[in-house]
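Peer 1: So I've got this file, work15.txt, and it contains compact mmCIF, C-alpha atoms (C1' of nucleotides):
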```txt
# COMPACT_ATOMS: atom_id res chain seq x y z
CA MET A 27 -42.83 -8.52 -37.65
CA ASN A 28 -45.19 -5.76 -36.68
CA ARG A 29 -47.55 -6.80 -33.92
CA THR A 30 -50.35 -4.51 -35.04
CA ILE A 31 -50.37 -6.16 -38.44
CA SER A 32 -50.87 -9.64 -37.01
CA LEU A 33 -53.66 -8.24 -34.87
CA GLU A 34 -55.34 -6.74 -37.90
CA GLU A 35 -54.93 -10.04 -39.73
CA ALA A 36 -56.38 -11.82 -36.74
CA LYS A 37 -59.43 -9.62 -36.86
CA LYS A 38 -59.98 -10.27 -40.56
CA CYS A 39 -59.84 -14.05 -40.77
CA PRO A 40 -61.47 -15.65 -37.84
CA ILE A 41 -65.21 -15.57 -38.52
CA GLN A 42 -65.29 -18.85 -40.46
CA PHE A 43 -62.45 -20.22 -38.36
CA VAL A 44 -64.38 -19.64 -35.17
CA LEU A 45 -67.42 -21.27 -36.77
CA ALA A 46 -65.33 -24.30 -37.72
CA ILE A 47 -63.94 -24.61 -34.20
CA ASN A 48 -67.44 -24.36 -32.76
CA ASP A 49 -68.68 -27.05 -35.16
CA THR A 50 -65.89 -29.30 -33.92
CA LEU A 51 -66.53 -28.55 -30.26
CA ASN A 52 -70.26 -29.14 -30.74
CA VAL A 53 -69.84 -32.71 -31.98
CA LEU A 54 -67.72 -33.45 -28.89
CA SER A 55 -69.61 -31.48 -26.27
CA GLY A 56 -71.47 -32.90 -23.30
CA LYS A 57 -70.98 -35.91 -21.14
CA TRP A 58 -71.74 -38.69 -23.59
CA LYS A 59 -70.62 -37.85 -27.15
CA LEU A 60 -67.03 -38.97 -26.65
CA PRO A 61 -67.96 -42.34 -25.10
CA ILE A 62 -70.47 -42.90 -27.90
CA ILE A 63 -67.96 -42.05 -30.62
CA GLY A 64 -65.44 -44.30 -28.87
CA SER A 65 -67.93 -47.13 -28.77
CA ILE A 66 -68.49 -47.12 -32.55
CA LEU A 67 -64.99 -46.00 -33.57
CA PHE A 68 -63.85 -49.43 -34.73
CA ASP A 69 -67.10 -50.95 -35.84
CA LYS A 70 -70.78 -50.21 -36.16
CA LYS A 71 -72.99 -51.17 -33.26
CA ARG A 72 -76.62 -51.51 -32.32
CA PHE A 73 -78.43 -49.39 -29.76
CA THR A 74 -78.29 -51.96 -27.01
CA GLU A 75 -74.64 -52.79 -27.68
CA ILE A 76 -73.65 -49.15 -27.27
CA GLN A 77 -75.74 -49.01 -24.12
CA ARG A 78 -73.87 -52.00 -22.73
CA ASN A 79 -70.54 -50.33 -23.62
CA ILE A 80 -71.50 -47.24 -21.62
CA PRO A 81 -73.05 -48.69 -18.48
CA LYS A 82 -74.35 -45.47 -16.90
CA ILE A 83 -76.04 -43.90 -19.90
CA THR A 84 -79.83 -43.89 -19.92
CA PRO A 85 -81.69 -44.85 -23.11
CA ARG A 86 -83.08 -41.30 -23.19
CA MET A 87 -79.62 -39.75 -23.35
CA LEU A 88 -78.29 -42.34 -25.79
CA SER A 89 -81.23 -41.78 -28.11
CA LYS A 90 -80.89 -37.99 -27.82
CA GLU A 91 -77.15 -37.93 -28.46
CA LEU A 92 -77.33 -40.40 -31.36
CA LYS A 93 -79.95 -38.17 -33.01
CA GLU A 94 -77.77 -35.10 -32.54
CA LEU A 95 -74.72 -36.88 -33.93
CA GLU A 96 -76.76 -38.06 -36.91
CA ILE A 97 -78.08 -34.56 -37.60
CA ASN A 98 -74.51 -33.25 -37.45
CA GLY A 99 -73.34 -35.80 -40.01
CA MET A 100 -71.15 -37.68 -37.57
CA ILE A 101 -72.95 -41.00 -37.75
CA THR A 102 -75.28 -42.90 -40.04
CA ARG A 103 -78.28 -44.80 -38.78
CA THR A 104 -79.31 -47.85 -40.74
CA VAL A 105 -82.61 -49.61 -40.15
CA TYR A 106 -82.88 -53.21 -41.31
CA ASN A 107 -86.40 -54.44 -41.95
CA THR A 108 -86.00 -57.57 -39.95
CA ILE A 109 -88.85 -58.39 -37.60
CA PRO A 110 -88.53 -56.76 -35.21
CA VAL A 111 -86.36 -54.05 -36.76
CA SER A 112 -82.66 -53.89 -36.00
CA VAL A 113 -80.80 -50.61 -36.17
CA GLU A 114 -77.09 -50.03 -36.68
CA TYR A 115 -75.11 -46.93 -35.87
CA GLU A 116 -71.86 -46.23 -37.66
CA LEU A 117 -69.44 -43.31 -37.85
CA SER A 118 -69.53 -41.50 -41.21
CA PRO A 119 -66.16 -41.11 -43.00
CA SER A 120 -66.09 -37.54 -41.76
CA GLY A 121 -67.00 -38.76 -38.29
CA LYS A 122 -64.15 -41.26 -38.34
CA SER A 123 -61.72 -38.50 -39.26
CA ILE A 124 -62.43 -36.76 -35.95
CA THR A 125 -59.65 -39.04 -34.69
CA GLU A 126 -57.21 -36.53 -36.24
CA VAL A 127 -58.53 -33.94 -33.81
CA LEU A 128 -58.69 -36.38 -30.91
CA ASP A 129 -55.05 -37.37 -31.49
CA LYS A 130 -54.00 -33.73 -31.22
CA MET A 131 -56.10 -33.42 -28.07
CA VAL A 132 -54.34 -36.41 -26.53
CA ASP A 133 -50.95 -34.90 -27.38
CA TRP A 134 -51.81 -31.48 -25.99
CA GLY A 135 -53.56 -32.88 -22.94
CA ILE A 136 -50.60 -35.02 -21.92
CA LYS A 137 -48.09 -32.25 -22.65
CA HIS A 138 -50.17 -29.70 -20.78
CA ARG A 139 -50.64 -31.94 -17.77
CA LYS A 140 -46.88 -32.43 -17.54
CA ALA A 141 -46.25 -28.68 -17.91
CA VAL A 142 -48.78 -27.81 -15.20
CA ILE A 143 -47.59 -30.43 -12.72
CA SER A 144 -43.89 -29.58 -13.18
CA LYS A 145 -44.28 -25.97 -12.04
CA MET B 8 -54.99 -57.32 -39.47
CA ASN B 9 -57.21 -59.07 -36.99
CA ARG B 10 -60.06 -56.86 -35.89
CA THR B 11 -60.37 -58.47 -32.47
CA ILE B 12 -56.75 -57.58 -31.69
CA SER B 13 -57.22 -53.88 -32.44
CA LEU B 14 -60.31 -53.95 -30.26
CA GLU B 15 -58.34 -55.51 -27.43
CA GLU B 16 -55.60 -52.90 -27.91
CA ALA B 17 -58.22 -50.20 -27.88
CA LYS B 18 -59.50 -51.43 -24.56
CA LYS B 19 -56.02 -51.43 -23.01
CA CYS B 20 -54.71 -47.95 -23.88
CA PRO B 21 -57.38 -45.39 -23.59
CA ILE B 22 -57.66 -44.55 -19.91
CA GLN B 23 -54.97 -41.85 -19.91
CA PHE B 24 -55.87 -40.91 -23.49
CA VAL B 25 -59.47 -40.27 -22.53
CA LEU B 26 -58.28 -38.24 -19.54
CA ALA B 27 -56.04 -36.15 -21.81
CA ILE B 28 -58.91 -35.53 -24.24
CA ASN B 29 -61.16 -34.51 -21.36
CA ASP B 30 -58.50 -32.13 -20.04
CA THR B 31 -58.37 -30.53 -23.47
CA LEU B 32 -62.14 -30.33 -23.82
CA ASN B 33 -62.43 -28.83 -20.34
CA VAL B 34 -60.21 -25.85 -21.08
CA LEU B 35 -62.37 -25.11 -24.14
CA SER B 36 -65.81 -25.91 -22.76
CA GLY B 37 -68.60 -23.46 -22.22
CA LYS B 38 -69.70 -20.34 -23.97
CA TRP B 39 -66.83 -17.99 -23.10
CA LYS B 40 -63.48 -19.82 -22.90
CA LEU B 41 -62.77 -19.66 -26.62
CA PRO B 42 -63.53 -15.91 -26.92
CA ILE B 43 -61.36 -15.25 -23.85
CA ILE B 44 -58.46 -17.29 -25.20
CA GLY B 45 -58.86 -15.55 -28.54
CA SER B 46 -58.78 -12.18 -26.86
CA ILE B 47 -55.41 -12.79 -25.20
CA LEU B 48 -53.92 -15.03 -27.90
CA PHE B 49 -51.61 -12.38 -29.36
CA ASP B 50 -50.94 -10.24 -26.31
CA LYS B 51 -51.74 -10.00 -22.65
CA LYS B 52 -54.72 -7.89 -21.67
CA ARG B 53 -56.39 -6.35 -18.67
CA PHE B 54 -59.79 -7.32 -17.31
CA THR B 55 -61.64 -4.41 -18.83
CA GLU B 56 -59.91 -4.78 -22.18
CA ILE B 57 -61.04 -8.40 -22.42
CA GLN B 58 -64.50 -7.30 -21.40
CA ARG B 59 -64.55 -4.75 -24.21
CA ASN B 60 -63.36 -7.42 -26.67
CA ILE B 61 -66.29 -9.64 -25.72
CA PRO B 62 -69.22 -7.23 -25.53
CA LYS B 63 -71.89 -9.57 -24.14
CA ILE B 64 -69.92 -11.17 -21.32
CA THR B 65 -70.81 -10.11 -17.78
CA PRO B 66 -68.02 -9.35 -15.30
CA ARG B 67 -69.22 -12.29 -13.23
CA MET B 68 -68.68 -14.75 -16.07
CA LEU B 69 -65.39 -13.19 -17.13
CA SER B 70 -64.10 -13.38 -13.57
CA LYS B 71 -65.30 -16.96 -13.17
CA GLU B 72 -63.81 -18.17 -16.44
CA LEU B 73 -60.49 -16.39 -15.91
CA LYS B 74 -60.20 -18.08 -12.52
CA GLU B 75 -60.93 -21.49 -14.03
CA LEU B 76 -58.41 -20.94 -16.83
CA GLU B 77 -55.81 -19.87 -14.28
CA ILE B 78 -56.44 -22.94 -12.10
CA ASN B 79 -56.08 -25.13 -15.18
CA GLY B 80 -52.71 -23.59 -16.03
CA MET B 81 -53.93 -21.93 -19.21
CA ILE B 82 -53.31 -18.34 -18.18
CA THR B 83 -51.23 -16.35 -15.73
CA ARG B 84 -52.63 -13.45 -13.73
CA THR B 85 -50.21 -10.68 -12.82
CA VAL B 86 -51.11 -7.96 -10.34
CA TYR B 87 -49.13 -4.71 -10.52
CA ASN B 88 -49.09 -2.62 -7.38
CA THR B 89 -50.00 0.59 -9.07
CA ILE B 90 -52.70 2.66 -7.41
CA PRO B 91 -55.27 1.47 -8.06
CA VAL B 92 -54.01 -2.00 -8.92
CA SER B 93 -53.83 -3.11 -12.51
CA VAL B 94 -54.10 -6.76 -13.45
CA GLU B 95 -52.87 -8.46 -16.59
CA TYR B 96 -53.98 -11.78 -18.00
CA GLU B 97 -51.70 -13.71 -20.32
CA LEU B 98 -51.73 -17.15 -21.91
CA SER B 99 -49.13 -19.52 -20.43
CA PRO B 100 -46.74 -21.19 -22.91
CA SER B 101 -48.85 -24.32 -22.58
CA GLY B 102 -51.97 -22.19 -23.07
CA LYS B 103 -50.57 -20.68 -26.25
CA SER B 104 -49.85 -24.12 -27.62
CA ILE B 105 -53.58 -24.87 -27.61
CA THR B 106 -53.46 -23.27 -31.07
CA GLU B 107 -52.08 -26.61 -32.32
CA VAL B 108 -55.39 -28.18 -31.32
CA LEU B 109 -57.46 -25.24 -32.55
CA ASP B 110 -55.76 -25.43 -35.95
CA LYS B 111 -56.74 -29.08 -36.26
CA MET B 112 -60.27 -28.15 -35.22
CA VAL B 113 -60.45 -25.51 -37.94
CA ASP B 114 -59.25 -28.02 -40.52
CA TRP B 115 -61.68 -30.70 -39.44
CA GLY B 116 -64.57 -28.27 -39.02
CA ILE B 117 -64.21 -26.87 -42.54
CA LYS B 118 -63.67 -30.32 -44.09
CA HIS B 119 -66.62 -31.75 -42.17
CA ARG B 120 -68.91 -28.89 -43.13
CA LYS B 121 -68.09 -29.43 -46.80
CA ALA B 122 -68.61 -33.18 -46.48
CA VAL B 123 -71.98 -32.74 -44.77
CA ILE B 124 -73.29 -30.09 -47.16
CA SER B 125 -72.21 -32.01 -50.27
CA LYS B 126 -74.37 -35.04 -49.52
C1' DT C 30 -68.23 17.46 -5.47
C1' DA C 31 -70.07 14.60 -9.30
C1' DT C 32 -68.68 11.40 -12.86
C1' DA C 33 -66.24 7.87 -14.86
C1' DG C 34 -62.94 4.09 -14.93
C1' DT C 35 -60.57 -0.17 -12.89
C1' DG C 36 -61.18 -4.88 -11.16
C1' DG C 37 -63.98 -7.11 -9.53
C1' DT C 38 -68.14 -9.54 -5.83
C1' DA C 39 -73.07 -10.66 -4.26
C1' DT C 40 -77.61 -12.12 -4.94
C1' DA C 41 -81.20 -13.81 -7.42
C1' DC C 42 -82.86 -15.50 -11.26
C1' DT C 43 -83.58 -18.43 -15.98
C1' DA C 44 -82.20 -21.87 -19.19
C1' DT C 45 -80.00 -25.91 -20.53
C1' DA C 46 -78.00 -30.41 -19.54
C1' DG C 47 -78.50 -34.57 -17.46
C1' DT C 48 -81.04 -38.23 -14.34
C1' DA C 49 -84.68 -41.43 -12.73
C1' DT C 50 -88.33 -44.26 -13.61
C1' DA C 51 -91.83 -46.19 -16.11
C1' DG C 52 -93.77 -47.77 -20.21
C1' DT C 53 -94.41 -48.68 -25.52
C1' DG C 54 -94.90 -52.26 -29.61
C1' DC C 55 -92.72 -55.91 -31.48
C1' DT C 56 -91.28 -61.05 -31.25
C1' DA C 57 -88.67 -65.19 -30.01
C1' DT C 58 -87.97 -68.53 -26.34
C1' DG C 59 -89.11 -71.64 -22.33
C1' DC D 11 -98.75 -67.66 -21.60
C1' DA D 12 -95.06 -65.37 -18.89
C1' DT D 13 -90.49 -63.61 -19.58
C1' DA D 14 -86.94 -61.41 -21.84
C1' DG D 15 -84.72 -58.73 -25.45
C1' DC D 16 -84.80 -54.89 -28.94
C1' DA D 17 -85.15 -49.88 -29.82
C1' DC D 18 -86.85 -46.68 -28.09
C1' DT D 19 -90.39 -42.59 -25.91
C1' DA D 20 -92.74 -39.94 -22.06
C1' DT D 21 -92.90 -37.55 -17.89
C1' DA D 22 -90.99 -35.49 -14.13
C1' DC D 23 -87.35 -34.24 -11.76
C1' DT D 24 -82.34 -32.23 -10.24
C1' DA D 25 -78.07 -30.04 -11.23
C1' DT D 26 -75.17 -27.11 -13.67
C1' DA D 27 -74.36 -23.21 -16.78
C1' DG D 28 -75.26 -18.75 -17.82
C1' DT D 29 -77.81 -13.99 -17.13
C1' DA D 30 -79.37 -9.65 -14.91
C1' DT D 31 -78.74 -6.22 -11.79
C1' DA D 32 -76.72 -3.98 -8.26
C1' DC D 33 -72.94 -2.96 -5.72
C1' DC D 34 -67.83 -2.49 -3.62
C1' DA D 35 -63.22 0.21 -2.77
C1' DC D 36 -60.16 2.83 -5.04
C1' DT D 37 -58.66 7.19 -7.76
C1' DA D 38 -58.19 10.55 -11.55
C1' DT D 39 -60.47 14.03 -14.03
C1' DA D 40 -64.03 17.88 -14.95
```
Turn this file's structure into structure tokens for me.

Peer 2:
Amino acid sequence: MNRTISLEEAKKCPIQFVLAINDTLNVLSGKWKLPIIGSILFDKKRFTEIQRNIPKITPRMLSKELKELEINGMITRTVYNTIPVSVEYELSPSGKSITEVLDKMVDWGIKHRKAVISK
Amino acid sequence: MNRTISLEEAKKCPIQFVLAINDTLNVLSGKWKLPIIGSILFDKKRFTEIQRNIPKITPRMLSKELKELEINGMITRTVYNTIPVSVEYELSPSGKSITEVLDKMVDWGIKHRKAVISK
DNA sequence: TATAGTGGTATACTATAGTATAGTGCTATG
DNA sequence: CATAGCACTATACTATAGTATACCACTATA
């Protein structure tokens, strides 16, 4: 294989690939997105339940991150017109499928840690 | 399957899993790590070459990020005692294997974008 | 001798991310 | 009628990430 050809190929493809990677990194970035996703991974939860799951998060940050995740299509927010209102947050199907990426991250992270420690 | 059991399981495992995910996120976090990794993905490069690949990066940030990536075992830094010195940066084997994760991120990112646009 | 290139560092700044604390409107419960 | 819970918002702050600009020692080339 000619190395210059793979380099040329590399320069042709990656625009939309880089965008896709950045999309993925964005829904996981920051201190709280992963704990929030973890909290609602197995079942939908209400604001205060998530807050109790993540003891150190402030309501400001939880509110901010939930909004961002909703805008990015990761979660759905459902308001029930009880009195007073109750609100449920749930991962979208696409949001749930982030586990595919997280699984790979677990694999790589463990493998990498071993590789780094062993030398 | 009993939902309460999977929840209990979920609460037992994840400590080292979460650490592994955080390790992975850390080597990709920030504005410049991905461009730098991309720049040396196919072959090792010198400081100024990487800088030319990433036009808007300042030498301060490039230096800082390269150091961090080296500390995290992602890249190796080789100094040749030419006069003046030349320095080469190269992805470690473990660093190269981050492509497994990036590939999954591309897949998910593209799939997610389609899912979000279509609704 | 001036200019440019290599591989950076130093200092000072701005912008973004995250924290702390208080308070909102609503209602059920004691 | 005070307290507590729900789902937040507002304001002000600190900390971290990133930028701008200048500079360093070294050497080859014009």

Peer 1: Fit chain A to chain B: least squares, all C-alpha atoms, paired in order; write the output as a compact mmCIF listing (two decimals) with C-alpha atoms, in the frame of the given file.

Peer 2:
```txt
# COMPACT_ATOMS: atom_id res chain seq x y z
CA MET A 27 -54.96 -57.18 -39.44
CA ASN A 28 -57.19 -58.92 -36.96
CA ARG A 29 -60.05 -56.73 -35.83
CA THR A 30 -60.31 -58.33 -32.41
CA ILE A 31 -56.70 -57.46 -31.70
CA SER A 32 -57.20 -53.76 -32.40
CA LEU A 33 -60.26 -53.87 -30.16
CA GLU A 34 -58.25 -55.43 -27.37
CA GLU A 35 -55.55 -52.81 -27.88
CA ALA A 36 -58.20 -50.13 -27.81
CA LYS A 37 -59.43 -51.38 -24.48
CA LYS A 38 -55.94 -51.36 -22.98
CA CYS A 39 -54.68 -47.90 -23.84
CA PRO A 40 -57.37 -45.35 -23.55
CA ILE A 41 -57.67 -44.52 -19.85
CA GLN A 42 -54.99 -41.81 -19.87
CA PHE A 43 -55.88 -40.89 -23.44
CA VAL A 44 -59.47 -40.25 -22.49
CA LEU A 45 -58.28 -38.20 -19.52
CA ALA A 46 -56.06 -36.13 -21.81
CA ILE A 47 -58.91 -35.51 -24.23
CA ASN A 48 -61.17 -34.48 -21.37
CA ASP A 49 -58.50 -32.10 -20.05
CA THR A 50 -58.37 -30.51 -23.49
CA LEU A 51 -62.13 -30.29 -23.85
CA ASN A 52 -62.43 -28.80 -20.36
CA VAL A 53 -60.20 -25.81 -21.12
CA LEU A 54 -62.36 -25.08 -24.18
CA SER A 55 -65.80 -25.87 -22.81
CA GLY A 56 -68.62 -23.42 -22.29
CA LYS A 57 -69.69 -20.29 -24.03
CA TRP A 58 -66.84 -17.97 -23.16
CA LYS A 59 -63.48 -19.79 -22.94
CA LEU A 60 -62.77 -19.63 -26.66
CA PRO A 61 -63.52 -15.90 -26.97
CA ILE A 62 -61.37 -15.24 -23.91
CA ILE A 63 -58.46 -17.29 -25.23
CA GLY A 64 -58.86 -15.52 -28.58
CA SER A 65 -58.79 -12.15 -26.89
CA ILE A 66 -55.41 -12.77 -25.21
CA LEU A 67 -53.91 -15.00 -27.92
CA PHE A 68 -51.62 -12.33 -29.35
CA ASP A 69 -50.96 -10.23 -26.31
CA LYS A 70 -51.76 -9.97 -22.63
CA LYS A 71 -54.74 -7.87 -21.66
CA ARG A 72 -56.40 -6.35 -18.65
CA PHE A 73 -59.80 -7.32 -17.30
CA THR A 74 -61.63 -4.38 -18.80
CA GLU A 75 -59.89 -4.75 -22.16
CA ILE A 76 -61.02 -8.36 -22.45
CA GLN A 77 -64.50 -7.28 -21.44
CA ARG A 78 -64.52 -4.70 -24.22
CA ASN A 79 -63.34 -7.38 -26.70
CA ILE A 80 -66.28 -9.61 -25.77
CA PRO A 81 -69.18 -7.18 -25.58
CA LYS A 82 -71.85 -9.52 -24.18
CA ILE A 83 -69.90 -11.13 -21.37
CA THR A 84 -70.80 -10.10 -17.84
CA PRO A 85 -68.02 -9.32 -15.34
CA ARG A 86 -69.26 -12.29 -13.29
CA MET A 87 -68.69 -14.74 -16.13
CA LEU A 88 -65.39 -13.17 -17.16
CA SER A 89 -64.10 -13.35 -13.61
CA LYS A 90 -65.32 -16.94 -13.22
CA GLU A 91 -63.83 -18.17 -16.49
CA LEU A 92 -60.50 -16.39 -15.96
CA LYS A 93 -60.21 -18.09 -12.55
CA GLU A 94 -60.96 -21.48 -14.08
CA LEU A 95 -58.43 -20.94 -16.86
CA GLU A 96 -55.84 -19.87 -14.31
CA ILE A 97 -56.47 -22.93 -12.14
CA ASN A 98 -56.10 -25.12 -15.23
CA GLY A 99 -52.73 -23.57 -16.07
CA MET A 100 -53.96 -21.92 -19.24
CA ILE A 101 -53.32 -18.34 -18.21
CA THR A 102 -51.24 -16.37 -15.74
CA ARG A 103 -52.62 -13.50 -13.73
CA THR A 104 -50.22 -10.75 -12.82
CA VAL A 105 -51.09 -8.06 -10.30
CA TYR A 106 -49.09 -4.84 -10.45
CA ASN A 107 -49.02 -2.83 -7.24
CA THR A 108 -49.93 0.40 -8.87
CA ILE A 109 -52.58 2.44 -7.11
CA PRO A 110 -55.17 1.30 -7.79
CA VAL A 111 -53.94 -2.16 -8.77
CA SER A 112 -53.80 -3.18 -12.41
CA VAL A 113 -54.08 -6.81 -13.40
CA GLU A 114 -52.86 -8.49 -16.57
CA TYR A 115 -53.98 -11.79 -18.01
CA GLU A 116 -51.71 -13.71 -20.34
CA LEU A 117 -51.75 -17.16 -21.92
CA SER A 118 -49.13 -19.52 -20.44
CA PRO A 119 -46.76 -21.18 -22.94
CA SER A 120 -48.87 -24.30 -22.64
CA GLY A 121 -51.99 -22.20 -23.10
CA LYS A 122 -50.56 -20.66 -26.26
CA SER A 123 -49.87 -24.11 -27.66
CA ILE A 124 -53.60 -24.87 -27.65
CA THR A 125 -53.47 -23.25 -31.09
CA GLU A 126 -52.12 -26.60 -32.36
CA VAL A 127 -55.41 -28.17 -31.33
CA LEU A 128 -57.48 -25.25 -32.58
CA ASP A 129 -55.79 -25.45 -35.99
CA LYS A 130 -56.78 -29.10 -36.29
CA MET A 131 -60.30 -28.17 -35.23
CA VAL A 132 -60.49 -25.54 -37.96
CA ASP A 133 -59.29 -28.07 -40.53
CA TRP A 134 -61.73 -30.76 -39.44
CA GLY A 135 -64.61 -28.34 -39.04
CA ILE A 136 -64.25 -26.95 -42.54
CA LYS A 137 -63.72 -30.39 -44.08
CA HIS A 138 -66.66 -31.83 -42.18
CA ARG A 139 -68.97 -28.98 -43.13
CA LYS A 140 -68.13 -29.52 -46.79
CA ALA A 141 -68.66 -33.29 -46.48
CA VAL A 142 -72.03 -32.86 -44.77
CA ILE A 143 -73.34 -30.22 -47.18
CA SER A 144 -72.24 -32.14 -50.30
CA LYS A 145 -74.38 -35.19 -49.53
```

Peer 1: Taking all atoms listed in the file into account, what are the residues of chain A at most 7 Å from chain B, put as a list in words?

Peer 2: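 Those within range of chain B come out as Phe43, Ala46, Ile47, Asp49, Thr50, Gly99, Ser120, Val127, Leu128, Lys130, Met131, Val132, Gly135, Ile136, His138, Ala141 and Val142 of chain A.
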
Peer 1: Give me, as a PDB file with C-alpha atoms, keeping the file's coordinate frame, the residues of chain B touching chain D, with the criterion being at most 8 Å (counting all atoms listed in the file).

Peer 2:
```pdb
ATOM      1  CA  GLY B  37     -68.600 -23.460 -22.220  1.00  0.00           C
ATOM      2  CA  MET B  68     -68.680 -14.750 -16.070  1.00  0.00           C
ATOM      3  CA  ILE B  90     -52.700   2.660  -7.410  1.00  0.00           C
ATOM      4  CA  PRO B  91     -55.270   1.470  -8.060  1.00  0.00           C
TER       5      PRO B  91
END
```

Peer 1: Of the candidates A:Thr102, A:Ser144, A:Ser89, A:Thr84, which shows the shortest atom-to-atom distance to chain C, using only C-alpha atoms (C1' of nucleotides)?

Peer 2: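 Among the listed residues, the smallest separation from chain C belongs to A:Thr84.
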
Peer 1: Using all atoms listed in the file, I'd like every residue of chain C that has an atom within 8 Å of chain B; please write them out as a list of chain:residue names.

Peer 2: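 Interface list for chain C against chain B: C:DT35, C:DG36, C:DG37, C:DT38.
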
Peer 1: One decimal, Å: what's the distance from atom CA of A:Ile76 over to atom C1' of C:DA49, could you say?

Peer 2: 19.8 Å

Peer 1: Go ahead and compute the interatomic distance for atom C1' of C:DT40 and atom CA of B:Pro62, in Å to one decimal.

Peer 2: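 Computing it gives 22.8 Å between the two atoms.
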
Peer 1: Quick one: pull the distance between atom CA of B:Glu77 and atom CA of B:Thr89, Å, one decimal.

Peer 2: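 Interatomic distance here is 21.9 Å.
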